[in-house]
Each structure stands twice: as structure tokens, then as C-alpha cells.
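Engineer: To start, I am sharing the structure in question, which I have written as C-alpha cells.
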Amino acid sequence: MCELPSHNYGFNGARLTFVVFHNPPFSTLIFRPDGNYSFTGTGPLWQTWMAKKLNFSINYMMLNQSTIHQSGMSDFDLAFQLVSNKEVDVYSNGVVATPERKQKVDLTYFIWTEPYSMVVPQPEEQSRIFAFIYPYQPMVWLLIFITMIAVVLLMSSLSVIHLNVTDNGTPAIPRHRKTAFDYAIDYTMHMLSLITNQGAYIAGARFMSLRVLLGVWVLMATVLVNVYSGTVISYLTVPRTKPPINTFEDLAANRDVGIILRTEAIITQYILEAKTGALKTIGDQARRHADRFWTDQEKLSRRLATGRYAYPWIQTFCQFFIVNQFKKDGACRFRMTDPLPFQSAFFSLALQKDSKFTPAFNKALMELWESGLFPYWVRNVSPQAPECFAKTKPRTISARKMPIRLADLIGAFFIFGIGFGLAIFAIFIEQIVSRASRRMATASKC
């Protein structure tokens, strides 16, 4: 460990009272039934360094849950009040400076800084019960359904016009006559046979209009079936997860995951004061639920562990929480997002207002930061689980594994539209030819 020379700085072995509460991994307090406690984390390390550096001794005031609960305040508010009321000398858990806080206490040079991120649950795998419909977007399925109805109706109408008339132009015998409904059932079965690659035979398709319509439908069905068959296997066999949460915009759009907030945190104020965008959406959502705001970090962590919430806080805590949950569950149930678009948090110590020790603390903290010891201590006391933070490369097929859009099949529908129009045009031509033939037959008889 790097040792810096000791100086007096005017402390002369003074005994300073530090107020501390449970704030892992920086200050980890475990109270035992016999009244004793263990104090681990980075807190004891830097405080011992500072005491030796500045020549003072430390008397700890440890805030347990009972004391905090009896006060009716949060752990942060109680500790901060003790310093501002000059009942203790140093608030050692770290305070983010604000103008209001500076009016009540002295805030030192920062002891720790890092960006904000969010702890979010890992994206769940989507149910594959309806995976067979995933290859096409809903609009494509709708257009296919409309197309099939249009083809069945037109073919049924053509059959009623043509196939219920004998070759000499007289109506067919009633017992051999089929209704439009009968034809619709036959043609529906025919179309279903085609799109399931079974094939079917249609008797009486000797008219040009029917042949054109059947031809374009078969061509379109070939495209649809082959595209579907080539895609559906991946949707049935490859796990498909819900969109991950990596930004506030992702969180605002997610219906399954809400946000929980630490009441006194600066980032909570940013979210609640937002007037537009995703932050306003998230802030409004939080305000509608009283259980989204917490003053007790342990209770907040238990709620976060349910996997239904996201929590924005500094990255060291995010990593600590994820690793602890991994050790409990044996699986990486949570992940940490990329840094959020906020200024990094700068944590200072809080001393009594106008304390004579503030200048010495500032100088010593500058030296501590420049030595690199504090980041080293944080890395050493933080538990590790590399598998929960490994960056995985996206599969090359992931960009294509999305429902097939209407734009991808516009060519097939365009060809069908042309064929559908040609079939209708052929109907008029056949009717004109049929009427002319009948007139000629009638004239020859006369």
C-alpha cells in the first residue's frame, strides 16, 4: 500500500466522531445480537488512512435500523442532520453537493466519483406458443386474409356465372346446380391445400378468367409458402427475448418493468422535475405509485430483487447488487445498463459548518485521490462475477430475425393485383363473347 508522509495539520490527536450507516459496498455494517458489529468495505480503509495522515483518532456513531426507524427519517437525512446540528464531526458515507446542502454543512473535496447506470432485469424469453405467426408482421397476415377472401368470392361468382350454365347456354338442371356457398367452401379448401403444400384439383376451370385468377394465386401462394417455410424454423427453435432496457426511453416504453427511486438522491430530483420526454413519463409513473419511493436501501434492494423494477444509481452499487443476486440465485438475473446521460456523481464528506478541519480534509482528500488508492480499494472490496458483465457480440442473423414486412412482399402482392385485374377484364370479355355467341345461335335457328 502506498504510504504518504504524516503531518500534524493542527489536529494534535483530536478525537473526531464519524457517523456511519450501512451502505455497501463502501460501508458494510453487520450488527450482532450481542451488541457488537463488524465494519468492512472501503470506509475503514480510507478512514484509517486519513486518521494517520492528519493525526486524529475516530469515534464511530453507527446508525442501526432501529435508530433510523425511531427517528422517522431516512438514514441519509438522519446522518446529515447530526452533522448540521453539530452532534457529530463528519458524515462519512458521501454527499453530492447542492446549494441547499452547502448552506448547512461544509462539503470537502470529492472522495469518490463515477457515472450513473441502472440495474435492470435481464430480458425475458418470449413465449413460443404463437411462434408460428411471428414470421409475418400483422399487416402482412391481414392482407393475406383479405386476399384469400377476395379470391374465394370472385372465383365463386365466376363459377356461378359459368359452371351453372350448359354448353348451349341454358341453365343447368336444378339437382346438379351448385350455390355460391358450395363453391366458396370448395375454393376455400383448395386455397388452404395450396398454402399447406398439399395441392388440389379444380374441375371445370376451362374459362380464361378462372385460369388467370388461379394462376396468379398459385404464383403468390408459392412465394408466401416458401418465404414462411424458410423463416418459421428459426422462430420455433431459437430463443427470442423481449427488447432489453438500456436507456430511459427503453424503460418508458416497457410495460412490465417500472422504476424505483431513492427519495433523497439527486438523480431522483432530475427525474421528477423533468417536463418532457422519457424522464417525464417515468416520473409521472413513479408519482402514481407510492411504493416506488424508498428511504431504506435494504428494503429497496429487496423490492428490486423481485425483477419487476429498474433502479438508477452509481455503477459500483449496480455491480454489487448484480453480483450478490448472482451468488444467491446462481444465475445472472440482472444486468447493468450503459452510463446514463447525467453528470457523474461526485461524493464529498460533510463536516460541521465552518469547521476548522475542512481545509486539512480537502488537502488530504486531494492527495488520496491523486494516489489512486480509493479506486484500488473499491475494486478490491467489490465482489466479482465476470459472467454477468461479459459483452456478447450480437449474432449476424439477429438483424434479419424480425417479422417479414409488407415491403418485403410487395412484389408478390403487386403481381396478384395485376392478375386480379386481368381476371376481372377476362370476365367482361367472356361475357361479351358469350352474348354474341348466343345471338348468332338464335339467329341461325330462325
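If you're wondering about the labels, chains in the C-alpha cells are A, B, ... by order shown, residues count from 1 in each chain, ligands from 1 in order shown.
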Report as a compact mmCIF listing (two decimals) with N, CA and C atoms, in the first residue's frame all protein, DNA and RNA residues lying within 10 Å of range 265-279 of chain A, evaluated on only C-alpha atoms, omitting residues in the same chain fewer than 6 positions from it.
Structural biologist:
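This is the output file out-v1.txt:
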```
# COMPACT_ATOMS: atom_id res chain seq x y z
N PHE A 76 -29.86 8.66 5.35
CA PHE A 76 -29.13 9.83 4.87
C PHE A 76 -29.55 11.09 5.63
N VAL A 95 -21.66 12.65 0.23
CA VAL A 95 -22.77 13.54 -0.08
C VAL A 95 -22.52 14.20 -1.43
N VAL A 96 -23.55 14.24 -2.27
CA VAL A 96 -23.46 15.00 -3.52
C VAL A 96 -23.80 16.44 -3.21
N ALA A 97 -22.94 17.36 -3.59
CA ALA A 97 -23.09 18.76 -3.21
C ALA A 97 -24.27 19.40 -3.94
N THR A 98 -25.07 20.16 -3.18
CA THR A 98 -26.12 21.01 -3.74
C THR A 98 -26.06 22.34 -2.99
N TYR A 116 -23.67 7.34 -13.39
CA TYR A 116 -24.90 6.64 -13.04
C TYR A 116 -25.22 5.60 -14.12
N THR A 247 -31.81 2.31 -21.80
CA THR A 247 -31.94 3.76 -21.67
C THR A 247 -33.26 4.08 -20.97
N PHE A 248 -33.43 5.33 -20.62
CA PHE A 248 -34.69 5.76 -20.04
C PHE A 248 -35.83 5.63 -21.06
N GLU A 249 -35.51 5.82 -22.34
CA GLU A 249 -36.53 5.65 -23.37
C GLU A 249 -37.02 4.20 -23.42
N ASP A 250 -36.09 3.26 -23.30
CA ASP A 250 -36.48 1.85 -23.27
C ASP A 250 -37.36 1.55 -22.07
N LEU A 251 -36.99 2.12 -20.92
CA LEU A 251 -37.76 1.88 -19.69
C LEU A 251 -39.16 2.47 -19.80
N ALA A 252 -39.27 3.67 -20.37
CA ALA A 252 -40.57 4.31 -20.51
C ALA A 252 -41.49 3.51 -21.43
N ALA A 253 -40.90 2.82 -22.42
CA ALA A 253 -41.71 2.05 -23.37
C ALA A 253 -42.04 0.66 -22.86
N GLN A 285 -45.08 8.10 -13.89
CA GLN A 285 -45.38 6.72 -13.50
C GLN A 285 -45.03 6.49 -12.03
N ALA A 286 -43.87 7.01 -11.60
CA ALA A 286 -43.45 6.82 -10.21
C ALA A 286 -44.38 7.54 -9.24
N ARG A 287 -44.81 8.75 -9.62
CA ARG A 287 -45.68 9.52 -8.72
C ARG A 287 -47.03 8.84 -8.49
N PHE A 293 -40.98 4.88 -4.07
CA PHE A 293 -40.00 5.74 -3.40
C PHE A 293 -39.58 5.11 -2.08
N THR A 295 -36.63 5.10 1.32
CA THR A 295 -35.56 5.74 2.10
C THR A 295 -34.62 4.71 2.70
N PRO A 312 -31.99 3.42 -10.89
CA PRO A 312 -30.84 4.22 -11.34
C PRO A 312 -29.98 4.64 -10.15
N TRP A 313 -28.71 4.25 -10.19
CA TRP A 313 -27.78 4.65 -9.13
C TRP A 313 -26.37 4.47 -9.66
N ILE A 314 -25.39 4.76 -8.82
CA ILE A 314 -23.99 4.71 -9.27
C ILE A 314 -23.59 3.28 -9.65
N PHE A 342 -26.32 11.64 -17.53
CA PHE A 342 -26.27 12.61 -16.44
C PHE A 342 -24.82 12.89 -16.11
N GLN A 343 -24.59 14.03 -15.47
CA GLN A 343 -23.25 14.30 -14.96
C GLN A 343 -22.90 13.24 -13.91
N ALA A 345 -21.67 11.41 -10.61
CA ALA A 345 -21.86 11.79 -9.20
C ALA A 345 -20.51 12.04 -8.54
```
Engineer: Please report, as a ChimeraX atom specification, each residue of range 246-400 of chain A to which DSSP assigns alpha helix (DSSP H) when run on this structure's backbone.
Structural biologist: /A:248-253,266-273,277-287,297-304,315-329,358-371,373-381
Engineer: From the DSSP assignment of the backbone, select every residue of range 53-294 of chain A that is strand (DSSP E or B), and format the answer as a count of residues only.
Structural biologist: 38
Engineer: For a quick check of understanding, using only C-alpha atoms, which of A:Met62, A:Ser127, A:Trp294, A:Thr48 has the smallest distance to Gly35 in chain A?
Structural biologist: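 Closest residue, counting only C-alpha atoms: A:Met62.
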Engineer: Gln122 in chain A: which residues within 10 Å, counting only C-alpha atoms, same-chain residues fewer than 3 positions away excluded, as an MDAnalysis selection string?
Structural biologist: chainID A and resid 119 125 241:245 307 332:336
Engineer: Got time to write the residues from that selection, C-alpha atoms, as a PDB file, in the first residue's frame?
Structural biologist:
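The new file again-v2.pdb reads:
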```pdb
ATOM      1  CA  VAL A 119     -29.904  -2.098 -12.553  1.00  0.00           C
ATOM      2  CA  GLU A 125     -37.608 -15.044 -23.289  1.00  0.00           C
ATOM      3  CA  THR A 241     -36.116 -12.369 -25.891  1.00  0.00           C
ATOM      4  CA  LYS A 242     -38.052  -9.218 -25.183  1.00  0.00           C
ATOM      5  CA  PRO A 243     -36.305  -5.926 -26.017  1.00  0.00           C
ATOM      6  CA  PRO A 244     -33.603  -5.152 -23.403  1.00  0.00           C
ATOM      7  CA  ILE A 245     -33.703  -1.986 -21.307  1.00  0.00           C
ATOM      8  CA  GLY A 307     -37.205  -8.497 -11.016  1.00  0.00           C
ATOM      9  CA  CYS A 332     -27.384 -13.581 -13.824  1.00  0.00           C
ATOM     10  CA  ARG A 333     -30.945 -12.321 -13.339  1.00  0.00           C
ATOM     11  CA  PHE A 334     -29.945  -8.654 -13.638  1.00  0.00           C
ATOM     12  CA  ARG A 335     -27.740  -6.513 -15.827  1.00  0.00           C
ATOM     13  CA  MET A 336     -26.277  -3.027 -15.746  1.00  0.00           C
TER      14      MET A 336
END
```
Engineer: So what do you get for CA of Leu351 in chain A versus CA of Ser301 in chain A, distance-wise?
Structural biologist: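 Distance between the two atoms: 28.7 Å.
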Engineer: Between A:Ile233, A:Val216, A:Leu63, A:Leu54, which is the closest to Val20 in chain A once you count only C-alpha atoms?
Structural biologist: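 So, comparing all the options, the nearest one is A:Leu63.
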Engineer: Find the distance between CA of Asn93 in chain A and CA of Ile30 in chain A and write it in Å to one decimal.
Structural biologist: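 Calculated distance between CA of Asn93 in chain A and CA of Ile30 in chain A is 15.7 Å.
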Engineer: Rounded to one decimal in Å, what is the spacing between CA of Phe18 in chain A and CA of Val83 in chain A?
Structural biologist: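 One can read the CA of Phe18 in chain A to CA of Val83 in chain A distance as 9.2 Å.
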Engineer: Which residue out of A:Ala310, A:Phe346, A:Thr108, A:His22 has the minimum interatomic distance to Tyr37 in chain A when only C-alpha atoms are used?
Structural biologist: A:His22
